[in-house]
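Asker: Next comes the structure file upload_9.pdb, holding PDB, C-alpha atoms and all ligand atoms.
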ATOM      1  CA  MET R1149      11.062   6.375  20.790
ATOM      2  CA  THR R1150      12.032   4.800  17.437
ATOM      3  CA  ALA R1151      14.474   6.969  15.477
ATOM      4  CA  ASN R1152      13.169   8.130  12.124
ATOM      5  CA  THR R1153      15.588   6.519   9.663
ATOM      6  CA  PHE R1154      13.682   7.689   6.585
ATOM      7  CA  GLN R1155      16.017   8.835   3.787
ATOM      8  CA  ARG R1156      14.593  11.341   1.315
ATOM      9  CA  ARG R1157      17.254  10.683  -1.345
ATOM     10  CA  VAL R1158      17.252   7.244  -3.055
ATOM     11  CA  THR R1159      20.599   5.592  -3.796
ATOM     12  CA  PRO R1160      20.432   4.462  -7.454
ATOM     13  CA  LEU R1161      20.818   0.756  -8.225
ATOM     14  CA  ASN R1162      22.100   1.410 -11.782
ATOM     15  CA  LYS R1163      20.493  -1.816 -12.994
ATOM     16  CA  ILE R1164      18.783  -2.167 -16.362
ATOM     17  CA  ASP R1165      17.393  -5.495 -17.590
ATOM     18  CA  ILE R1166      15.888  -6.471 -20.930
ATOM     19  CA  GLU R1167      13.150  -9.093 -21.285
ATOM     20  CA  ARG R1168      12.483 -10.065 -24.899
ATOM     21  CA  LEU R1169       8.820 -10.860 -25.587
ATOM     22  CA  ASP R1170       9.141 -11.756 -29.281
ATOM     23  CA  GLU R1171      11.124 -10.568 -32.305
ATOM     24  CA  ASP R1172       9.422  -7.168 -32.324
ATOM     25  CA  ASN R1173       8.858  -6.362 -28.654
ATOM     26  CA  LEU R1174      10.832  -6.222 -25.463
ATOM     27  CA  PHE R1175      10.511  -4.879 -21.953
ATOM     28  CA  GLU R1176      13.200  -2.652 -20.472
ATOM     29  CA  TYR R1177      13.324  -2.613 -16.657
ATOM     30  CA  GLU R1178      15.125   0.050 -14.621
ATOM     31  CA  ASP R1179      15.275  -1.216 -11.032
ATOM     32  CA  PHE R1180      14.860   0.889  -7.921
ATOM     33  CA  PRO R1181      15.177  -0.206  -4.257
ATOM     34  CA  ALA R1182      12.190  -2.375  -3.248
ATOM     35  CA  THR R1183      12.232  -1.235   0.371
ATOM     36  CA  PHE R1184       9.165  -0.148   2.348
ATOM     37  CA  ASP R1185      10.556   3.392   2.709
ATOM     38  CA  VAL R1186      10.896   3.708  -1.079
ATOM     39  CA  LEU R1187       7.758   1.833  -2.165
ATOM     40  CA  GLY R1188       5.562   3.524   0.484
ATOM     41  CA  PRO R1189       6.020   7.140  -0.657
ATOM     42  CA  MET R1190       5.934   6.186  -4.338
ATOM     43  CA  LEU R1191       2.688   4.223  -4.109
ATOM     44  CA  HIS R1192       1.056   6.688  -1.724
ATOM     45  CA  SER R1193       1.683   9.601  -4.087
ATOM     46  CA  LEU R1194       0.491   7.602  -7.108
ATOM     47  CA  PHE R1195      -2.750   6.452  -5.465
ATOM     48  CA  GLN R1196      -3.489   9.775  -3.765
ATOM     49  CA  GLU R1197      -2.437  12.266  -6.455
ATOM     50  CA  HIS R1198      -2.416  10.417  -9.790
ATOM     51  CA  TRP R1199      -5.210   7.859  -9.468
ATOM     52  CA  GLN R1200      -7.077   9.372 -12.461
ATOM     53  CA  GLU R1201      -4.136   8.636 -14.772
ATOM     54  CA  LEU R1202      -3.217   5.131 -13.580
ATOM     55  CA  GLY R1203      -4.124   1.645 -14.644
ATOM     56  CA  LEU R1204      -3.513  -1.356 -12.458
ATOM     57  CA  GLY R1205      -3.410  -5.013 -13.281
ATOM     58  CA  HIS R1206      -1.527  -8.158 -14.028
ATOM     59  CA  VAL R1207       0.253  -9.178 -17.213
ATOM     60  CA  VAL R1208       1.625 -12.665 -17.854
ATOM     61  CA  ASN R1209       1.786 -14.773 -20.981
ATOM     62  CA  GLY R1210      -1.800 -15.453 -22.033
ATOM     63  CA  SER R1211      -3.519 -13.132 -19.590
ATOM     64  CA  VAL R1212      -3.948  -9.411 -19.038
ATOM     65  CA  LEU R1213      -6.037  -7.704 -16.361
ATOM     66  CA  GLU R1214      -6.452  -3.922 -16.424
ATOM     67  CA  LEU R1215      -8.364  -1.867 -13.848
ATOM     68  CA  GLU R1216      -8.927   1.876 -13.643
ATOM     69  CA  PHE R1217     -10.083   4.186 -10.870
ATOM     70  CA  GLU R1218     -13.437   5.884 -11.408
ATOM     71  CA  ALA R1219     -13.032   7.937  -8.235
ATOM     72  CA  ALA R1220     -10.336   8.601  -5.656
ATOM     73  CA  PRO R1221      -9.488   5.509  -3.573
ATOM     74  CA  THR R1222     -11.455   5.459  -0.329
ATOM     75  CA  ALA R1223      -8.581   3.843   1.571
ATOM     76  CA  CYS R1224      -4.817   3.540   1.229
ATOM     77  CA  TRP R1225      -3.326   1.958   4.342
ATOM     78  CA  MET R1226      -0.951  -0.720   5.611
ATOM     79  CA  TYR R1227      -2.026  -3.830   7.493
ATOM     80  CA  ASP R1228       0.412  -6.613   8.415
ATOM     81  CA  GLY R1229       2.828  -5.742   5.604
ATOM     82  CA  TYR R1230       0.139  -5.328   2.948
ATOM     83  CA  LEU R1231      -0.767  -2.062   1.300
ATOM     84  CA  THR R1232      -4.533  -2.030   0.802
ATOM     85  CA  VAL R1233      -6.125   0.321  -1.715
ATOM     86  CA  ILE R1234      -9.921   0.385  -1.975
ATOM     87  CA  SER R1235     -11.680   1.671  -5.070
ATOM     88  CA  GLN R1236     -15.269   1.574  -6.243
ATOM     89  CA  GLY R1237     -16.121  -2.067  -6.906
ATOM     90  CA  TRP R1238     -12.625  -3.492  -6.421
ATOM     91  CA  HIS R1239      -9.664  -3.392  -4.096
ATOM     92  CA  MET R1240      -6.051  -4.507  -4.153
ATOM     93  CA  HIS R1241      -3.433  -5.757  -1.703
ATOM     94  CA  LEU R1242       0.309  -5.627  -2.310
ATOM     95  CA  CYS R1243       2.805  -6.924   0.225
ATOM     96  CA  ILE R1244       5.453  -4.193   0.521
ATOM     97  CA  GLY R1245       6.434  -4.821   4.157
ATOM     98  CA  GLU R1246       6.910  -7.834   6.381
ATOM     99  CA  ASN R1247       3.769  -9.991   6.614
ATOM    100  CA  LYS R1248       3.818 -11.668  10.032
ATOM    101  CA  GLY R1249       0.553 -13.577   9.787
ATOM    102  CA  GLY R1250      -1.858 -11.528  11.891
ATOM    103  CA  PRO R1251      -2.153 -11.594  15.685
ATOM    104  CA  GLU R1252      -1.116 -15.262  15.904
ATOM    105  CA  ARG R1253       2.043 -14.569  13.859
ATOM    106  CA  THR R1254       1.632 -17.860  12.073
ATOM    107  CA  ASN R1255       3.776 -17.155   9.022
ATOM    108  CA  SER R1256       7.115 -18.880   8.624
ATOM    109  CA  PRO R1257      10.126 -16.727   7.706
ATOM    110  CA  ALA R1258      10.095 -18.385   4.259
ATOM    111  CA  LEU R1259       6.465 -17.409   3.623
ATOM    112  CA  ARG R1260       7.071 -13.847   4.824
ATOM    113  CA  GLN R1261       9.942 -13.549   2.392
ATOM    114  CA  ALA R1262       8.010 -15.147  -0.488
ATOM    115  CA  ARG R1263       5.060 -12.743  -0.183
ATOM    116  CA  GLN R1264       6.943  -9.480   0.035
ATOM    117  CA  VAL R1265       7.966  -7.420  -2.996
ATOM    118  CA  SER R1266      11.656  -8.184  -3.496
ATOM    119  CA  ARG R1267      12.223  -6.343  -6.763
ATOM    120  CA  ALA R1268      10.634  -3.286  -8.371
ATOM    121  CA  ALA R1269      11.371  -1.513 -11.634
ATOM    122  CA  LEU R1270      10.105   1.184 -13.934
ATOM    123  CA  SER R1271       9.269  -0.526 -17.213
ATOM    124  CA  ARG R1272       8.974   0.469 -20.855
ATOM    125  CA  GLN R1273       7.772  -1.760 -23.660
ATOM    126  CA  LEU R1274       9.870  -1.079 -26.787
ATOM    127  CA  ASN R1275       9.105  -2.054 -30.410
ATOM    128  CA  ALA R1276      11.565  -3.393 -33.011
ATOM    129  CA  GLN R1277      12.810   0.154 -33.703
ATOM    130  CA  GLY R1278      13.522   0.697 -29.993
ATOM    131  CA  LYS R1279      10.620   3.122 -29.690
ATOM    132  CA  PRO R1280       8.739   3.017 -26.352
ATOM    133  CA  GLN R1281       5.105   1.927 -26.605
ATOM    134  CA  SER R1282       4.012   1.802 -22.970
ATOM    135  CA  TRP R1283       5.281   2.862 -19.552
ATOM    136  CA  GLY R1284       4.708   1.304 -16.151
ATOM    137  CA  ILE R1285       5.958  -0.175 -12.893
ATOM    138  CA  GLN R1286       6.537  -3.894 -12.334
ATOM    139  CA  PHE R1287       6.856  -5.770  -9.032
ATOM    140  CA  TRP R1288       8.270  -9.229  -8.274
ATOM    141  CA  ASN R1289       7.750 -11.242  -5.088
ATOM    142  CA  GLY R1290      10.363 -13.034  -2.990
ATOM    143  CA  GLU R1291      10.251 -16.049  -5.297
ATOM    144  CA  GLY R1292      10.943 -13.941  -8.380
ATOM    145  CA  GLU R1293       7.368 -14.207  -9.702
ATOM    146  CA  LYS R1294       5.786 -11.230 -11.412
ATOM    147  CA  MET R1295       3.229  -9.503  -9.204
ATOM    148  CA  MET R1296       0.905  -6.732 -10.299
ATOM    149  CA  SER R1297       1.784  -3.987 -12.769
ATOM    150  CA  ILE R1298       0.948  -0.304 -12.638
ATOM    151  CA  PHE R1299       0.244   1.219 -16.048
ATOM    152  CA  LEU R1300       1.454   4.830 -16.283
ATOM    153  CA  PRO R1301       0.005   7.457 -18.649
ATOM    154  CA  SER R1302       0.818   6.840 -22.318
ATOM    155  CA  PRO R1303       1.403   9.783 -24.703
ATOM    156  CA  PHE R1304      -0.111   7.690 -27.500
ATOM    157  CA  LEU R1305      -3.512   7.295 -25.836
ATOM    158  CA  GLY R1306      -6.214   9.929 -25.581
ATOM    159  CA  ALA R1307      -9.524   9.948 -23.732
ATOM    160  CA  GLY R1308     -11.293   6.587 -23.764
ATOM    161  CA  GLU R1309      -8.007   4.801 -24.525
ATOM    162  CA  ASP R1310      -8.252   5.887 -28.192
ATOM    163  CA  PHE R1311      -4.952   5.916 -30.072
ATOM    164  CA  LEU R1312      -3.769   9.381 -31.024
ATOM    165  CA  PRO R1313      -2.262   9.830 -34.493
ATOM    166  CA  GLU R1314       1.315   8.457 -34.358
ATOM    167  CA  HIS R1315       2.911  11.790 -35.178
ATOM    168  CA  GLN R1316       0.954  13.693 -32.526
ATOM    169  CA  PRO R1317       1.759  12.029 -29.189
ATOM    170  CA  ASP R1318       0.873  14.057 -26.103
ATOM    171  CA  LEU R1319       4.355  14.032 -24.545
ATOM    172  CA  ALA R1320       3.177  15.937 -21.464
ATOM    173  CA  LYS R1321       1.699  12.615 -20.345
ATOM    174  CA  LEU R1322       5.197  11.301 -19.682
ATOM    175  CA  ALA R1323       5.604  13.734 -16.765
ATOM    176  CA  VAL R1324       4.521  11.144 -14.172
ATOM    177  CA  TYR R1325       7.023   8.553 -15.459
ATOM    178  CA  GLU R1326       9.857  11.107 -15.743
ATOM    179  CA  ASN R1327       9.227  12.414 -12.229
ATOM    180  CA  LEU R1328       9.216   8.910 -10.742
ATOM    181  CA  ARG R1329      12.419   8.100 -12.624
ATOM    182  CA  GLN R1330      14.262  11.171 -11.289
ATOM    183  CA  ILE R1331      13.209  10.510  -7.684
ATOM    184  CA  TYR R1332      13.218   6.730  -7.340
ATOM    185  CA  VAL R1333      15.544   5.369 -10.067
ATOM    186  CA  LEU R1334      18.182   8.065 -10.577
ATOM    187  CA  GLY R1335      18.018   9.660  -7.102
ATOM    188  CA  THR R1336      18.427  13.178  -8.522
ATOM    189  CA  MET R1337      15.418  14.598  -6.622
ATOM    190  CA  ASP R1338      14.185  14.160  -3.051
ATOM    191  CA  ILE R1339      11.240  11.951  -2.144
ATOM    192  CA  PRO R1340       8.438  14.502  -1.657
ATOM    193  CA  TYR R1341       7.683  13.481   1.976
ATOM    194  CA  GLU R1342       9.412  14.130   5.298
ATOM    195  CA  THR R1343       8.658  10.554   6.354
ATOM    196  CA  ASN R1344       7.040   7.430   4.908
ATOM    197  CA  PRO R1345       3.335   8.404   4.588
ATOM    198  CA  LEU R1346       2.253   4.772   4.997
ATOM    199  CA  THR R1347       3.511   4.759   8.581
ATOM    200  CA  ARG R1348       0.802   7.222   9.581
ATOM    201  CA  PRO R1349      -0.946   5.631  12.614
ATOM    202  CA  TYR R1350      -4.564   4.500  12.474
ATOM    203  CA  ILE R1351      -7.043   2.627  14.627
ATOM    204  CA  SER R1352      -9.596   0.314  13.102
ATOM    205  CA  VAL R1353     -12.790  -1.455  14.218
ATOM    206  CA  CYS R1354     -13.928  -4.677  12.522
ATOM    207  CA  ARG R1355     -17.481  -4.283  11.250
ATOM    208  CA  SER R1356     -18.000  -7.912  10.205
ATOM    209  CA  THR R1357     -20.781  -9.918  11.851
ATOM    210  CA  ARG R1358     -18.452 -12.940  11.937
ATOM    211  CA  CYS R1359     -16.573 -11.722  15.004
ATOM    212  CA  ASN R1360     -19.258  -9.449  16.432
ATOM    213  CA  ASN R1361     -22.025 -12.075  16.733
ATOM    214  CA  GLY R1362     -24.800  -9.575  17.398
ATOM    215  CA  ARG R1363     -22.600  -7.149  19.308
ATOM    216  CA  ASP R1364     -22.456  -3.509  18.408
ATOM    217  CA  TRP R1365     -19.243  -2.408  16.689
ATOM    218  CA  GLN R1366     -20.713   0.991  15.739
ATOM    219  CA  SER R1367     -20.919   2.223  19.353
ATOM    220  CA  VAL R1368     -17.253   1.245  19.797
ATOM    221  CA  TYR R1369     -16.345   3.124  16.630
ATOM    222  CA  ASP R1370     -18.298   6.188  17.795
ATOM    223  CA  ALA R1371     -16.675   6.115  21.254
ATOM    224  CA  ILE R1372     -13.207   6.035  19.663
ATOM    225  CA  ALA R1373     -14.114   8.964  17.404
ATOM    226  CA  VAL R1374     -15.283  11.049  20.371
ATOM    227  CA  GLU R1375     -12.223  10.175  22.457
ATOM    228  CA  LEU R1376      -9.731  10.859  19.651
ATOM    229  CA  LYS R1377     -11.252  14.285  19.233
ATOM    230  CA  ALA R1378     -11.299  14.997  22.972
ATOM    231  CA  ALA R1379      -7.647  13.972  23.293
ATOM    232  CA  ASN R1380      -6.745  15.934  20.138
ATOM    233  CA  LEU R1381      -4.902  12.930  18.696
ATOM    234  CA  ASP R1382      -4.044  13.055  14.993
ATOM    235  CA  ILE R1383      -4.759   9.381  14.326
ATOM    236  CA  ASP R1384      -6.995   8.044  11.548
ATOM    237  CA  LEU R1385     -10.063   5.962  12.408
ATOM    238  CA  THR R1386     -11.503   3.361  10.032
ATOM    239  CA  ALA R1387     -14.136   0.641   9.998
ATOM    240  CA  ALA R1388     -12.541  -2.392   8.395
ATOM    241  CA  GLY R1389     -13.321  -5.851   7.135
ATOM    242  CA  CYS R1390     -11.760  -8.860   8.843
ATOM    243  CA  LEU R1391      -8.836  -8.144  11.173
ATOM    244  CA  GLN R1392      -7.876 -11.829  11.499
ATOM    245  CA  VAL R1393      -9.219 -12.500  14.984
ATOM    246  CA  CYS R1394     -12.764 -13.527  13.968
ATOM    247  CA  LYS R1395     -14.123 -14.163  17.486
ATOM    248  CA  MET R1396     -14.706 -12.286  20.723
ATOM    249  CA  GLY R1397     -15.680  -9.072  18.926
ATOM    250  CA  PRO R1398     -15.899  -6.200  18.685
ATOM    251  CA  ILE R1399     -12.273  -6.261  17.564
ATOM    252  CA  VAL R1400     -10.115  -3.138  17.562
ATOM    253  CA  PHE R1401      -6.723  -2.918  15.835
ATOM    254  CA  TYR R1402      -4.043  -0.271  16.305
ATOM    255  CA  SER R1403      -1.281   0.064  13.723
ATOM    256  CA  GLY R1404       1.324   1.448  16.123
ATOM    257  CA  ASP R1405       3.164   4.717  15.658
ATOM    258  CA  ASP R1406       6.700   6.094  15.647
ATOM    259  CA  ARG R1407       7.164   5.031  19.273
ATOM    260  CA  ASP R1408       6.762   1.376  18.280
ATOM    261  CA  ARG R1409       5.435   0.227  14.931
ATOM    262  CA  GLU R1410       3.939  -2.763  16.734
ATOM    263  CA  HIS R1411       0.486  -3.921  15.622
ATOM    264  CA  THR R1412      -1.969  -4.517  18.501
ATOM    265  CA  TRP R1413      -5.325  -6.335  18.507
ATOM    266  CA  TYR R1414      -8.004  -5.959  21.225
ATOM    267  CA  THR R1415     -11.026  -8.206  21.793
ATOM    268  CA  ARG R1416     -14.395  -7.759  23.590
ATOM    269  CA  VAL R1417     -14.154  -4.003  23.240
ATOM    270  CA  THR R1418     -17.004  -1.972  24.719
ATOM    271  CA  PRO R1419     -17.337   1.812  24.411
ATOM    272  CA  ASP R1420     -15.711   2.185  27.844
ATOM    273  CA  VAL R1421     -12.806  -0.063  26.869
ATOM    274  CA  ALA R1422     -12.496   1.883  23.607
ATOM    275  CA  LYS R1423     -11.997   5.082  25.626
ATOM    276  CA  GLU R1424      -9.283   3.373  27.685
ATOM    277  CA  ILE R1425      -7.532   2.219  24.528
ATOM    278  CA  VAL R1426      -7.438   5.767  23.192
ATOM    279  CA  THR R1427      -6.329   7.474  26.391
ATOM    280  CA  GLN R1428      -3.948   4.795  27.706
ATOM    281  CA  HIS R1429      -2.504   3.153  24.612
ATOM    282  CA  LEU R1430      -2.683   5.825  21.936
ATOM    283  CA  GLY R1431      -2.156   8.691  24.373
ATOM    284  CA  GLU R1432       0.290   7.258  26.917
ATOM    285  CA  ASN R1433       1.674   4.156  25.125
ATOM    286  CA  GLN R1434       0.313   1.849  27.862
ATOM    287  CA  LYS R1435      -1.576  -1.111  26.380
ATOM    288  CA  VAL R1436      -4.911  -2.151  27.914
ATOM    289  CA  THR R1437      -3.547  -5.572  28.735
ATOM    290  CA  ARG R1438      -6.751  -7.339  29.874
ATOM    291  CA  HIS R1439      -8.224  -6.996  26.359
ATOM    292  CA  LEU R1440      -5.112  -7.819  24.316
ATOM    293  CA  TYR R1441      -5.218 -10.585  21.735
ATOM    294  CA  PRO R1442      -3.605 -12.995  22.002
ATOM    295  CA  GLN R1443      -3.235 -13.018  25.765
ATOM    296  CA  SER R1444       0.354 -13.854  26.649
TER
HETATM  297  S1  LIG R1501     -14.395 -10.990  11.127
HETATM  298 FE1  LIG R1501     -13.836  -9.487  12.623
HETATM  299  S2  LIG R1501     -11.760  -9.971  12.939
HETATM  300 FE2  LIG R1501     -12.302 -11.406  11.430
END
Hey, can you dump this file as structure tokens for me?
Ligand code: FES
Answerer:
Amino acid sequence: MTANTFQRRVTPLNKIDIERLDEDNLFEYEDFPATFDVLGPMLHSLFQEHWQELGLGHVVNGSVLELEFEAAPTACWMYDGYLTVISQGWHMHLCIGENKGGPERTNSPALRQARQVSRAALSRQLNAQGKPQSWGIQFWNGEGEKMMSIFLPSPFLGAGEDFLPEHQPDLAKLAVYENLRQIYVLGTMDIPYETNPLTRPYISVCRSTRCNNGRDWQSVYDAIAVELKAANLDIDLTAAGCLQVCKMGPIVFYSGDDRDREHTWYTRVTPDVAKEIVTQHLGENQKVTRHLYPQS
């Protein structure tokens, strides 16, 4: 069994950077560790508990994209190093763990490193008087390029993004930023989880016609649901888009658990095979080798 090495208290990096935008504006970045066990709890709590207050997007010179959640995300899970969050009408992927390139493991070490978040910081945009104007989180990839930004609640904005009168900011809106700063930047409070919530195990069935070619993924999904319940296993079940095999469906993917965080793909899964996967692999940690992909 893999030892749980999760640390609830973050060791501060004590690193502050300034990026000057023009004569009147600059960004202040306070870095925190960009590890999976720090990013996982932070992003999970933001997307599960604070989705109503967040914006999400990308800001570079000449371009700004801003998205908001209209309802709670319908998914927040890890696949091959990527955090996937699904909202109404859009979804996002952010590489916060090692991306190995699917079942074929095609990615070079250089590409794995380039894709993964290598730096993360709480950010504040300050005006010429040093007064903060906006609050957020910024990520950089392994090549030092800016990735997406998370926009945190602003005390200057009311409902509908209307500006409040300058002298009447709603300072209670800074609670999310201040809480994140205490936990993840300054390390003065514990991470509010016993373990990284994004390591919670799940099993997934591809519902795309591309790999199923007329075969019935739904009966496989239903068989897994019945068997999980019968075995009383606390493992999430999802129907997913492409799982990077794209042939010999129905395809079933298992994320691995604390015993081994090893991803596993199965091909040509029937309802009977699905039951074997649940009882043997998920229950007893014995893979159903004749359906593994790739076959070794
Ligand atoms: S379409 Fe099913 S695995 Fe790619």
Asker: Let me know the residues the PyMOL selection byres (((not hetatm)) within 7 of (chain R and resi 1501)) catches in the file above, as a list of chain:residue names.
Answerer: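 Selected by the PyMOL selection byres (((not hetatm)) within 7 of (chain R and resi 1501)) here: R:Cys1354, R:Arg1355, R:Ser1356, R:Thr1357, R:Arg1358, R:Cys1359, R:Asn1360, R:Gly1389, R:Cys1390, R:Leu1391, R:Gln1392, R:Val1393, R:Cys1394, R:Lys1395, R:Gly1397, R:Ile1399.
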Asker: Excluding range 1225-1227 of chain R and any residue of its chain fewer than 3 positions from it, enumerate the residues within 12 Å of it, using only C-alpha atoms, and give them as a PyMOL selection string.
Answerer: chain R and resi 1184+1187-1189+1191-1192+1195-1196+1221-1222+1230-1234+1239-1251+1344-1352+1384-1386+1388-1392+1401-1404+1409-1413
Asker: What is the distance, in Å and to one decimal place, between CA of Glu1176 in chain R and CA of Tyr1341 in chain R?
Answerer: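 Computing it gives 28.2 Å between the two atoms.
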Asker: Just so the selection is clear, what residues does the PyMOL selection byres (((chain R and resi 1266-1276) around 6) and not hetatm) cover here, as a list in words?
Answerer: Asp1172, Asn1173, Leu1174, Phe1175, Glu1176, Tyr1177, Glu1178, Asp1179, Phe1180, Ala1182, Val1265, Gln1277, Gly1278, Lys1279, Pro1280, Gln1281, Ser1282, Trp1283, Gly1284, Ile1285, Gln1286, Phe1287, Trp1288, Asn1289 and Gly1290 of chain R
Asker: Determine the residue set returned by the PyMOL selection byres (((chain R and resi 1200-1213) around 6) and not hetatm) for the present structure, and present it as a CSV table (one decimal) with C-alpha atoms, keeping the file's coordinate frame.
Answerer:
chain,number,residue,atom,x,y,z
R,1198,HIS,CA,-2.4,10.4,-9.8
R,1199,TRP,CA,-5.2,7.9,-9.5
R,1214,GLU,CA,-6.5,-3.9,-16.4
R,1215,LEU,CA,-8.4,-1.9,-13.8
R,1216,GLU,CA,-8.9,1.9,-13.6
R,1296,MET,CA,0.9,-6.7,-10.3
R,1297,SER,CA,1.8,-4.0,-12.8
R,1298,ILE,CA,0.9,-0.3,-12.6
R,1299,PHE,CA,0.2,1.2,-16.0
R,1300,LEU,CA,1.5,4.8,-16.3
R,1301,PRO,CA,0.0,7.5,-18.6
Asker: Considering only C-alpha atoms, can you say which of R:Val1333, R:Ile1339, R:Leu1319, R:Val1426 comes closest to Ala1371 in chain R?
Answerer: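 Looking at the shortest contact to Ala1371 in chain R, the residue is R:Val1426.
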Asker: So the first atom is CA of Leu1259 in chain R and the second is CA of Glu1291 in chain R; what is the distance between them in Å, to one decimal place?
Answerer: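 Separation between CA of Leu1259 in chain R and CA of Glu1291 in chain R: 9.8 Å.
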Asker: Grab the CA of Pro1160 in chain R to CA of Tyr1325 in chain R distance for me, in Å with one decimal place.
Answerer: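 We find that CA of Pro1160 in chain R and CA of Tyr1325 in chain R lie 16.1 Å from each other.
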Asker: Find, counting only C-alpha atoms, the residue in R:Thr1254, R:Met1190, R:Asp1165, R:Gln1264 that gets nearest to Leu1328 in chain R.
Answerer: R:Met1190
Asker: Counting only C-alpha atoms, which of R:Cys1224, R:Ile1166, R:Ala1320, R:Val1417 gets nearest to Leu1194 in chain R?
Answerer: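 Among the listed residues, the smallest separation from Leu1194 in chain R belongs to R:Cys1224.
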Asker: Using all atoms listed in the file, determine which residues lie at most 10 Å from Ile1331 in chain R, disregarding the query and same-chain residues fewer than 5 positions distant; provide the list as a short mmCIF file (atom, residue, chain, number, x, y, z; two decimals) with C-alpha atoms, in the frame of the given file.
Answerer:
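Here's the written file around_8.cif:
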data_model
loop_
_atom_site.label_atom_id
_atom_site.label_comp_id
_atom_site.auth_asym_id
_atom_site.auth_seq_id
_atom_site.Cartn_x
_atom_site.Cartn_y
_atom_site.Cartn_z
CA ARG R 1156 14.59 11.34 1.32
CA ARG R 1157 17.25 10.68 -1.34
CA VAL R 1158 17.25 7.24 -3.06
CA THR R 1159 20.60 5.59 -3.80
CA PRO R 1160 20.43 4.46 -7.45
CA PHE R 1180 14.86 0.89 -7.92
CA VAL R 1186 10.90 3.71 -1.08
CA MET R 1190 5.93 6.19 -4.34
CA GLU R 1326 9.86 11.11 -15.74
CA THR R 1336 18.43 13.18 -8.52
CA MET R 1337 15.42 14.60 -6.62
CA ASP R 1338 14.18 14.16 -3.05
CA ILE R 1339 11.24 11.95 -2.14
CA PRO R 1340 8.44 14.50 -1.66
#
